[in-house]
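Asker: Data file query01.cif (mmCIF, C-alpha atoms) is appended below.
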```
data_input
#
loop_
_atom_site.group_PDB
_atom_site.id
_atom_site.type_symbol
_atom_site.label_atom_id
_atom_site.label_comp_id
_atom_site.auth_asym_id
_atom_site.auth_seq_id
_atom_site.Cartn_x
_atom_site.Cartn_y
_atom_site.Cartn_z
ATOM 1 C CA MET A 1 13.145 -57.545 -32.597
ATOM 2 C CA LYS A 2 13.592 -55.561 -29.397
ATOM 3 C CA ARG A 3 15.049 -52.659 -31.343
ATOM 4 C CA LEU A 4 12.161 -52.728 -33.854
ATOM 5 C CA LEU A 5 9.667 -52.673 -30.990
ATOM 6 C CA SER A 6 11.491 -49.696 -29.414
ATOM 7 C CA VAL A 7 11.434 -47.773 -32.705
ATOM 8 C CA PHE A 8 7.727 -48.588 -33.133
ATOM 9 C CA CYS A 9 6.907 -47.329 -29.606
ATOM 10 C CA LEU A 10 8.908 -44.154 -30.200
ATOM 11 C CA LEU A 11 7.112 -43.537 -33.510
ATOM 12 C CA CYS A 12 3.724 -44.053 -31.817
ATOM 13 C CA ALA A 13 4.655 -41.526 -29.130
ATOM 14 C CA PHE A 14 5.606 -38.875 -31.732
ATOM 15 C CA VAL A 15 2.453 -39.497 -33.784
ATOM 16 C CA THR A 16 0.295 -39.197 -30.668
ATOM 17 C CA VAL A 17 1.922 -35.907 -29.672
ATOM 18 C CA SER A 18 1.666 -34.473 -33.193
ATOM 19 C CA LEU A 19 -2.042 -35.345 -33.451
ATOM 20 C CA ALA A 20 -2.882 -33.867 -30.073
ATOM 21 C CA GLN A 21 -4.857 -30.643 -30.024
ATOM 22 C CA THR A 22 -4.507 -27.835 -27.548
ATOM 23 C CA PRO A 23 -6.976 -28.365 -24.688
ATOM 24 C CA ILE A 24 -6.333 -24.937 -23.117
ATOM 25 C CA LYS A 25 -4.811 -21.759 -24.539
ATOM 26 C CA PHE A 26 -4.011 -18.474 -22.810
ATOM 27 C CA SER A 27 -4.081 -15.580 -25.267
ATOM 28 C CA PHE A 28 -2.601 -12.212 -24.508
ATOM 29 C CA TRP A 29 -2.872 -10.259 -27.780
ATOM 30 C CA GLY A 30 -2.826 -11.367 -31.408
ATOM 31 C CA ASP A 31 -0.398 -14.248 -31.809
ATOM 32 C CA ARG A 32 1.067 -13.842 -28.316
ATOM 33 C CA ALA A 33 -0.350 -16.910 -26.659
ATOM 34 C CA TYR A 34 0.673 -19.921 -24.655
ATOM 35 C CA PRO A 35 0.757 -22.400 -26.134
ATOM 36 C CA TYR A 36 0.603 -20.875 -29.582
ATOM 37 C CA ASP A 37 -1.587 -23.191 -31.640
ATOM 38 C CA ASN A 38 -4.007 -22.690 -34.533
ATOM 39 C CA SER A 39 -6.435 -25.305 -33.235
ATOM 40 C CA VAL A 40 -8.005 -25.292 -29.780
ATOM 41 C CA HIS A 41 -10.290 -28.098 -28.677
ATOM 42 C CA GLY A 42 -11.218 -27.049 -25.173
ATOM 43 C CA LEU A 43 -10.849 -23.644 -23.535
ATOM 44 C CA GLU A 44 -9.256 -20.411 -24.695
ATOM 45 C CA LEU A 45 -8.927 -17.520 -22.240
ATOM 46 C CA GLY A 46 -7.358 -14.132 -22.811
ATOM 47 C CA VAL A 47 -7.462 -10.491 -23.755
ATOM 48 C CA GLY A 48 -7.672 -10.717 -27.558
ATOM 49 C CA THR A 49 -6.700 -13.296 -30.117
ATOM 50 C CA TYR A 50 -7.124 -14.945 -33.478
ATOM 51 C CA THR A 51 -7.454 -18.740 -33.479
ATOM 52 C CA PRO A 52 -8.335 -20.318 -36.852
ATOM 53 C CA GLU A 53 -10.137 -23.363 -35.392
ATOM 54 C CA LEU A 54 -11.990 -23.568 -32.095
ATOM 55 C CA VAL A 55 -14.117 -26.342 -30.657
ATOM 56 C CA GLY A 56 -15.168 -25.446 -27.136
ATOM 57 C CA VAL A 57 -15.205 -22.140 -25.256
ATOM 58 C CA CYS A 58 -13.391 -18.963 -26.273
ATOM 59 C CA TRP A 59 -13.602 -16.227 -23.648
ATOM 60 C CA ASN A 60 -11.562 -13.124 -24.457
ATOM 61 C CA PHE A 61 -11.991 -9.776 -22.767
ATOM 62 C CA ILE A 62 -11.586 -7.495 -25.826
ATOM 63 C CA TYR A 63 -11.820 -9.536 -29.026
ATOM 64 C CA ALA A 64 -12.131 -13.127 -30.173
ATOM 65 C CA LYS A 65 -11.593 -13.973 -33.840
ATOM 66 C CA THR A 66 -11.920 -17.412 -35.470
ATOM 67 C CA ASP A 67 -12.325 -18.867 -38.932
ATOM 68 C CA ASN A 68 -14.258 -21.966 -37.921
ATOM 69 C CA ALA A 69 -15.751 -22.313 -34.448
ATOM 70 C CA LYS A 70 -18.129 -24.632 -32.647
ATOM 71 C CA GLY A 71 -19.082 -23.811 -29.078
ATOM 72 C CA TRP A 72 -19.272 -20.498 -27.235
ATOM 73 C CA GLN A 73 -17.364 -17.390 -28.266
ATOM 74 C CA HIS A 74 -17.351 -14.322 -26.006
ATOM 75 C CA GLY A 75 -15.668 -10.914 -26.107
ATOM 76 C CA LEU A 76 -16.492 -7.251 -26.574
ATOM 77 C CA LEU A 77 -15.929 -7.975 -30.288
ATOM 78 C CA THR A 78 -16.402 -11.484 -31.706
ATOM 79 C CA ILE A 79 -15.593 -12.315 -35.322
ATOM 80 C CA SER A 80 -15.940 -15.626 -37.165
ATOM 81 C CA LYS A 81 -16.319 -16.933 -40.706
ATOM 82 C CA GLN A 82 -18.267 -20.099 -39.851
ATOM 83 C CA PHE A 83 -19.811 -20.400 -36.435
ATOM 84 C CA THR A 84 -22.010 -22.966 -34.708
ATOM 85 C CA GLY A 85 -23.091 -22.377 -31.125
ATOM 86 C CA ALA A 86 -23.456 -19.186 -29.072
ATOM 87 C CA GLN A 87 -21.805 -15.824 -29.672
ATOM 88 C CA THR A 88 -22.012 -13.135 -26.988
ATOM 89 C CA GLY A 89 -20.512 -9.666 -27.144
ATOM 90 C CA ILE A 90 -21.108 -5.993 -27.830
ATOM 91 C CA LEU A 91 -20.424 -6.524 -31.563
ATOM 92 C CA ASN A 92 -20.784 -10.018 -33.089
ATOM 93 C CA ILE A 93 -19.728 -10.400 -36.715
ATOM 94 C CA SER A 94 -19.922 -13.618 -38.708
ATOM 95 C CA LYS A 95 -20.336 -14.872 -42.243
ATOM 96 C CA THR A 96 -22.275 -18.117 -41.709
ATOM 97 C CA PHE A 97 -23.931 -18.631 -38.347
ATOM 98 C CA GLU A 98 -25.935 -21.408 -36.689
ATOM 99 C CA GLY A 99 -27.126 -20.994 -33.127
ATOM 100 C CA PHE A 100 -27.755 -18.095 -30.756
ATOM 101 C CA SER A 101 -26.192 -14.645 -31.073
ATOM 102 C CA TRP A 102 -26.654 -12.156 -28.233
ATOM 103 C CA GLY A 103 -25.160 -8.671 -28.236
ATOM 104 C CA GLY A 104 -25.508 -4.986 -28.984
ATOM 105 C CA ILE A 105 -25.010 -5.481 -32.729
ATOM 106 C CA ASN A 106 -25.277 -8.875 -34.449
ATOM 107 C CA TRP A 107 -24.041 -8.534 -38.011
ATOM 108 C CA ASN A 108 -24.058 -11.575 -40.301
ATOM 109 C CA GLU A 109 -22.807 -11.127 -43.848
ATOM 110 C CA GLY A 110 -24.291 -14.471 -44.893
ATOM 111 C CA ASP A 111 -26.827 -16.971 -43.625
ATOM 112 C CA VAL A 112 -28.211 -17.258 -40.101
ATOM 113 C CA SER A 113 -29.933 -20.376 -38.873
ATOM 114 C CA GLY A 114 -31.089 -19.705 -35.331
ATOM 115 C CA VAL A 115 -31.739 -16.622 -33.211
ATOM 116 C CA GLN A 116 -30.267 -13.133 -33.187
ATOM 117 C CA CYS A 117 -31.022 -11.136 -30.049
ATOM 118 C CA GLY A 118 -29.637 -7.605 -29.796
ATOM 119 C CA VAL A 119 -30.239 -3.906 -30.285
ATOM 120 C CA PHE A 120 -29.408 -4.144 -34.026
ATOM 121 C CA ASN A 121 -29.650 -7.444 -35.930
ATOM 122 C CA ILE A 122 -28.485 -7.550 -39.538
ATOM 123 C CA ALA A 123 -28.237 -10.619 -41.799
ATOM 124 C CA ARG A 124 -28.426 -11.507 -45.471
ATOM 125 C CA SER A 125 -30.693 -14.496 -44.868
ATOM 126 C CA VAL A 126 -32.386 -15.750 -41.678
ATOM 127 C CA LYS A 127 -34.033 -19.062 -40.837
ATOM 128 C CA GLY A 128 -35.265 -18.508 -37.317
ATOM 129 C CA ALA A 129 -35.878 -15.300 -35.392
ATOM 130 C CA GLN A 130 -34.570 -11.808 -34.808
ATOM 131 C CA PHE A 131 -35.363 -9.931 -31.596
ATOM 132 C CA GLY A 132 -34.179 -6.336 -31.294
ATOM 133 C CA PHE A 133 -34.773 -2.619 -31.723
ATOM 134 C CA LEU A 134 -33.917 -2.815 -35.447
ATOM 135 C CA ASN A 135 -34.015 -6.099 -37.408
ATOM 136 C CA MET A 136 -32.901 -6.257 -41.048
ATOM 137 C CA THR A 137 -32.595 -9.093 -43.567
ATOM 138 C CA GLU A 138 -32.984 -9.707 -47.287
ATOM 139 C CA ASN A 139 -34.560 -13.173 -46.995
ATOM 140 C CA MET A 140 -36.483 -14.535 -44.026
ATOM 141 C CA HIS A 141 -38.037 -17.812 -43.000
ATOM 142 C CA GLY A 142 -39.229 -16.955 -39.526
ATOM 143 C CA ILE A 143 -40.169 -13.973 -37.384
ATOM 144 C CA GLN A 144 -38.849 -10.582 -36.378
ATOM 145 C CA ILE A 145 -39.908 -8.797 -33.192
ATOM 146 C CA GLY A 146 -38.699 -5.234 -32.625
ATOM 147 C CA LEU A 147 -39.475 -1.574 -33.091
ATOM 148 C CA LEU A 148 -38.504 -1.605 -36.811
ATOM 149 C CA ASN A 149 -38.397 -4.813 -38.867
ATOM 150 C CA PHE A 150 -37.185 -5.027 -42.472
ATOM 151 C CA ILE A 151 -37.480 -8.051 -44.788
ATOM 152 C CA LYS A 152 -36.377 -6.931 -48.255
ATOM 153 C CA THR A 153 -38.073 -9.773 -50.203
ATOM 154 C CA SER A 154 -41.381 -9.637 -48.299
ATOM 155 C CA LYS A 155 -44.650 -8.320 -49.736
ATOM 156 C CA VAL A 156 -44.666 -5.949 -46.761
ATOM 157 C CA PRO A 157 -40.953 -5.178 -46.375
ATOM 158 C CA VAL A 158 -41.223 -2.831 -43.356
ATOM 159 C CA MET A 159 -43.260 -3.465 -40.221
ATOM 160 C CA VAL A 160 -43.410 -2.052 -36.727
ATOM 161 C CA ILE A 161 -43.306 -4.427 -33.711
ATOM 162 C CA PHE A 162 -43.671 -7.688 -35.683
ATOM 163 C CA ASN A 163 -42.806 -9.033 -39.126
ATOM 164 C CA ALA A 164 -42.677 -12.556 -40.529
ATOM 165 C CA LYS A 165 -42.176 -14.477 -43.734
ATOM 166 C CA PHE A 166 -42.477 -18.237 -44.243
#
```
Show how you would write the structure in this file as structure tokens.

Answerer:
Amino acid sequence: MKRLLSVFCLLCAFVTVSLAQTPIKFSFWGDRAYPYDNSVHGLELGVGTYTPELVGVCWNFIYAKTDNAKGWQHGLLTISKQFTGAQTGILNISKTFEGFSWGGINWNEGDVSGVQCGVFNIARSVKGAQFGFLNMTENMHGIQIGLLNFIKTSKVPVMVIFNAKF
């Protein structure tokens, strides 16, 4: 019985370690990171990296790339497939985005639900707002404020200063 209990405790320890997620990751460049893990639930700091899953804060000096992220992603260049939270950088690129994106260029290849704030804001579909010098989208449910505003499916597709479609 004692031996069975020892084996059980040892198994529990291994299962606990294998299910643990990285709470902090230091990224140098690409896959050079400590510890190297594809899932960070906490804080990632570095120069530039690709982390497939992030829940928390990713602050990289040059670039930050993720597949699925929830939290805050920062870098000169930020890239994500699915993002929920805040993205800040000179160039922010994402496929599906929910939250707040602030940068020089905010480029979303898919749907945006939230706010884009930058010099150039580009998205396929927006539910929310775009604030910038140039705002472009195909479909809009919200407002655009900027020097030039384009909503492809609107009755008035181009407006100066303000455009909206609900």

Asker: Could you pull out every residue with an atom within 12 Å of (-43.1, -7.8, -42.2), file coordinates, counting only C-alpha atoms, and send them as a VMD selection string?

Answerer: chain A and resid 130 135 to 166

Asker: Counting only C-alpha atoms, what is within 6 Å of Gly103 in chain A, bar same-chain residues fewer than 4 positions away, as a VMD selection string?

Answerer: chain A and resid 88 to 90 118

Asker: How many Å separate CA of Asn106 in chain A from CA of Thr49 in chain A?

Answerer: 19.6 Å

Asker: Here's the selection I'm unsure about, the PyMOL selection byres ((chain A and resi 74) around 7); applied to the file above, which residues does it give, as an MDAnalysis selection string?

Answerer: chainID A and resid 58:60 64 72:73 75 78 87:89

Asker: Written as a PDB file with C-alpha atoms, in the coordinates of the input, which residues does the PyMOL selection byres ((chain A and resi 40) around 8) give for the file shown?

Answerer:
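Result file follows (result20.pdb):
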```pdb
ATOM      1  CA  GLN A  21      -4.857 -30.643 -30.024  1.00  0.00           C
ATOM      2  CA  THR A  22      -4.507 -27.835 -27.548  1.00  0.00           C
ATOM      3  CA  PRO A  23      -6.976 -28.365 -24.688  1.00  0.00           C
ATOM      4  CA  ILE A  24      -6.333 -24.937 -23.117  1.00  0.00           C
ATOM      5  CA  LYS A  25      -4.811 -21.759 -24.539  1.00  0.00           C
ATOM      6  CA  ASP A  37      -1.587 -23.191 -31.640  1.00  0.00           C
ATOM      7  CA  ASN A  38      -4.007 -22.690 -34.533  1.00  0.00           C
ATOM      8  CA  SER A  39      -6.435 -25.305 -33.235  1.00  0.00           C
ATOM      9  CA  HIS A  41     -10.290 -28.098 -28.677  1.00  0.00           C
ATOM     10  CA  GLY A  42     -11.218 -27.049 -25.173  1.00  0.00           C
ATOM     11  CA  LEU A  43     -10.849 -23.644 -23.535  1.00  0.00           C
ATOM     12  CA  GLU A  44      -9.256 -20.411 -24.695  1.00  0.00           C
ATOM     13  CA  THR A  51      -7.454 -18.740 -33.479  1.00  0.00           C
ATOM     14  CA  GLU A  53     -10.137 -23.363 -35.392  1.00  0.00           C
ATOM     15  CA  LEU A  54     -11.990 -23.568 -32.095  1.00  0.00           C
ATOM     16  CA  VAL A  55     -14.117 -26.342 -30.657  1.00  0.00           C
ATOM     17  CA  GLY A  56     -15.168 -25.446 -27.136  1.00  0.00           C
TER      18      GLY A  56
END
```

Asker: Carefully work through the PyMOL selection byres ((chain A and resi 30) around 6) for this structure and note down the residues it includes, as a list in words.

Answerer: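 Checked against the file, the PyMOL selection byres ((chain A and resi 30) around 6) matches Trp29, Asp31, Arg32, Thr49 and Tyr50 of chain A.
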
Asker: Show me, as number ranges by chain, the residues that have an atom within 7 Å of Thr84 in chain A when counting only C-alpha atoms, minus same-chain residues fewer than 2 positions from it.

Answerer: A: 69-71, 82, 86, 97-99

Asker: Kindly output range 138-149 of chain A as a short mmCIF file (atom, residue, chain, number, x, y, z; two decimals), in the coordinates of the input, after building all heavy atoms.

Answerer:
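The result, written out as out.cif:
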```
data_model
loop_
_atom_site.label_atom_id
_atom_site.label_comp_id
_atom_site.auth_asym_id
_atom_site.auth_seq_id
_atom_site.Cartn_x
_atom_site.Cartn_y
_atom_site.Cartn_z
N GLU A 138 -32.48 -9.64 -45.92
CA GLU A 138 -32.98 -9.71 -47.29
C GLU A 138 -34.02 -10.82 -47.41
O GLU A 138 -35.09 -10.62 -47.96
CB GLU A 138 -31.84 -9.94 -48.27
CG GLU A 138 -30.92 -8.77 -48.42
CD GLU A 138 -29.80 -9.03 -49.42
OE1 GLU A 138 -29.99 -9.87 -50.33
OE2 GLU A 138 -28.75 -8.40 -49.29
N ASN A 139 -33.68 -12.01 -46.91
CA ASN A 139 -34.56 -13.17 -47.00
C ASN A 139 -34.85 -13.68 -45.59
O ASN A 139 -33.95 -13.76 -44.77
CB ASN A 139 -33.90 -14.29 -47.80
CG ASN A 139 -33.57 -13.86 -49.21
OD1 ASN A 139 -34.44 -13.41 -49.94
ND2 ASN A 139 -32.31 -13.95 -49.58
N MET A 140 -36.10 -14.08 -45.36
CA MET A 140 -36.48 -14.54 -44.03
C MET A 140 -37.38 -15.75 -44.12
O MET A 140 -38.25 -15.82 -44.98
CB MET A 140 -37.23 -13.40 -43.30
CG MET A 140 -37.63 -13.69 -41.90
SD MET A 140 -36.22 -13.37 -40.86
CE MET A 140 -36.83 -13.73 -39.27
N HIS A 141 -37.12 -16.70 -43.23
CA HIS A 141 -38.04 -17.81 -43.00
C HIS A 141 -38.18 -17.89 -41.49
O HIS A 141 -37.46 -18.62 -40.82
CB HIS A 141 -37.49 -19.13 -43.58
CG HIS A 141 -38.48 -20.25 -43.49
ND1 HIS A 141 -39.48 -20.40 -44.41
CD2 HIS A 141 -38.64 -21.22 -42.57
CE1 HIS A 141 -40.21 -21.46 -44.06
NE2 HIS A 141 -39.72 -21.96 -42.95
N GLY A 142 -39.07 -17.04 -40.96
CA GLY A 142 -39.23 -16.95 -39.53
C GLY A 142 -39.87 -15.64 -39.12
O GLY A 142 -40.62 -15.05 -39.90
N ILE A 143 -39.53 -15.17 -37.91
CA ILE A 143 -40.17 -13.97 -37.38
C ILE A 143 -39.14 -12.94 -36.94
O ILE A 143 -38.01 -13.27 -36.62
CB ILE A 143 -41.10 -14.30 -36.20
CG1 ILE A 143 -40.31 -14.87 -35.02
CG2 ILE A 143 -42.21 -15.24 -36.61
CD1 ILE A 143 -41.09 -14.94 -33.73
N GLN A 144 -39.60 -11.70 -36.92
CA GLN A 144 -38.85 -10.58 -36.38
C GLN A 144 -39.73 -9.87 -35.35
O GLN A 144 -40.90 -9.62 -35.63
CB GLN A 144 -38.49 -9.57 -37.46
CG GLN A 144 -37.55 -10.05 -38.51
CD GLN A 144 -37.33 -9.00 -39.59
OE1 GLN A 144 -38.26 -8.32 -40.01
NE2 GLN A 144 -36.09 -8.86 -40.03
N ILE A 145 -39.19 -9.57 -34.19
CA ILE A 145 -39.91 -8.80 -33.19
C ILE A 145 -39.00 -7.65 -32.77
O ILE A 145 -37.87 -7.88 -32.31
CB ILE A 145 -40.30 -9.65 -31.98
CG1 ILE A 145 -41.27 -10.75 -32.42
CG2 ILE A 145 -40.92 -8.79 -30.88
CD1 ILE A 145 -41.65 -11.72 -31.34
N GLY A 146 -39.49 -6.41 -32.96
CA GLY A 146 -38.70 -5.23 -32.62
C GLY A 146 -39.43 -3.97 -33.03
O GLY A 146 -40.51 -4.03 -33.62
N LEU A 147 -38.84 -2.84 -32.75
CA LEU A 147 -39.48 -1.57 -33.09
C LEU A 147 -39.59 -1.41 -34.61
O LEU A 147 -40.64 -1.09 -35.13
CB LEU A 147 -38.70 -0.40 -32.48
CG LEU A 147 -39.36 0.96 -32.66
CD1 LEU A 147 -40.73 0.99 -31.99
CD2 LEU A 147 -38.48 2.06 -32.11
N LEU A 148 -38.49 -1.66 -35.35
CA LEU A 148 -38.50 -1.60 -36.81
C LEU A 148 -37.98 -2.93 -37.36
O LEU A 148 -36.91 -3.39 -36.96
CB LEU A 148 -37.63 -0.46 -37.32
CG LEU A 148 -38.12 0.95 -36.99
CD1 LEU A 148 -37.05 1.97 -37.37
CD2 LEU A 148 -39.41 1.25 -37.71
N ASN A 149 -38.73 -3.51 -38.30
CA ASN A 149 -38.40 -4.81 -38.87
C ASN A 149 -38.43 -4.73 -40.39
O ASN A 149 -39.44 -4.35 -40.96
CB ASN A 149 -39.40 -5.85 -38.38
CG ASN A 149 -39.45 -5.92 -36.87
OD1 ASN A 149 -38.52 -6.38 -36.25
ND2 ASN A 149 -40.53 -5.43 -36.29
#
```
